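Report on one structure; see the data block that follows.
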Amino acid sequence: IFSGIFFSGLAAWLSTANGTRLSYVQKASLEKRLTTCCFLNIYVGMFSAFFNIFQLTDVDDAILPETGDFTLDLSRPIEWVMTCPLMQLTLVLMGGAKIPEYRRYVMPLFSVVILTFGFSSTIMPNIPLKLLCYACGVLLFCTMVFFNRVQIIEYSSGYEGLLSGDSEFRKATLLLISTWFPFPAWFIMSPEGFGLIDNVLIIQVGWAFLNIVAKFVFIFYIQR
């Protein structure tokens with residue numbers, strides 16, 4: 001595990017040190033920006049593959065006593081923390097110079113904090129604390145979606161919004177938002193949330209399906 005962490009850190013540092021500065025990429029031509037977005041999606045695919053394979057082992061298993069001894073694969077939330085910020089960063093770079101530069105940090109950070117609240121809700125020992133963490137996560141998720149909407153307006157100089165427009169940037173944003181929305185609902189129904197569904201196989205298949213759809217749809221849309 002420690003070797004994996006250190007080598008992952010080394011790979012991230014090498015990518016940053018030898019790659020083009022993102023501040024330059026965001027102001028570059030559309031072709032250059034899309035090329036960088038495709039490289040980011042390579043990392044999304046690689047991280048997803050690694051952590052999904054890691055879930056097959058017992059190393060990342062964590063027992064949640066308050067959920068009837070449900071076994072949580074810690075690799076799953078770690079995978080999302082490693083990949084979801086990159087997907088938000090992809091949108092910012094795709095939007096180009098019309099998107100404020102601080103969003104390169106804020107939008108990925110939204111993803112990290114939301115997932116942190118989600119994981120905190122999972123491990124909370126009682127319902128009130130679980131609800132509090134979940135509510136904070138949902139509130140931040142809505143805030144993130146608001147900024148995604150703002151970026152559509154900024155990119156189109158006010159001509160487009162969530163409900164109108166035909167740009168590739170708007171479509172990519174809507175794909176990301178629409179495929180992320182089911183995750184909070186599925187969390188509620190799972191033993192990690194409020195246990196409305198206790199069949200482990202259904203829960204795991206549901207997480208896998210949502211994860212595959214969200215990433216494949218977004219990545220293939222950018223790649224094309």
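Numbering starts fresh at 1 for the residues of each chain in the structure tokens, the chains themselves are lettered A, B, ... in the order given, and ligands are numbered from 1 as they appear.
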For this session: Mind checking which residues fall within 10 Å of range 40-50 of chain A, counting only C-alpha atoms, ignoring those fewer than 3 positions away in the same chain, and posting them as a PyMOL selection string?
Result: chain A and resi 8+12+34-37+53-55+75-76+78-80+82-87+89-90+211-212+215-216+218-220+222-223
For this session: as a VMD selection string, list the residues of range 56-217 of chain A assigned to alpha helix (DSSP H) by DSSP on the backbone atoms of this structure.
Result: chain A and resid 75 to 95 103 to 123 127 to 155 168 to 180 182 to 189 200 to 217
Exercise. Looking only at the backbone, which of the residues in chain A does DSSP tag as strand (DSSP E or B), as an MDAnalysis selection string?
Worked result: chainID A and resid 61:64 70:73
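Distances here use only C-alpha atoms; by that measure, the residue among A:Val200, A:Leu91, A:Leu210, A:Leu115 closest to Tyr134 in chain A is A:Leu115.
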Exercise. Excluding same-chain residues fewer than 6 positions from Ala62 in chain A, what lies within 9 Å of it counting only C-alpha atoms, as number ranges by chain?
Worked result: A: 70-74
For this session: To one decimal in Å, tell me the separation between CA of Thr173 in chain A and CA of Ala185 in chain A.
Result: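 Result for CA of Thr173 in chain A versus CA of Ala185 in chain A: 20.0 Å, one decimal.
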For this session: Give the answer as one residue: which of A:Phe119, A:Phe169, A:Phe146, A:Tyr159 has the shortest atom-to-atom distance to Pro184 in chain A, using only C-alpha atoms?
Result: A:Phe119
Exercise. Can you list, as a PyMOL selection string, every protein, DNA or RNA residue that comes within 12 Å of Ile188 in chain A when you count only C-alpha atoms, leaving out same-chain residues fewer than 2 positions away?
Worked result: chain A and resi 118+121-122+127+130-131+134-135+138+182-186+190-198+203
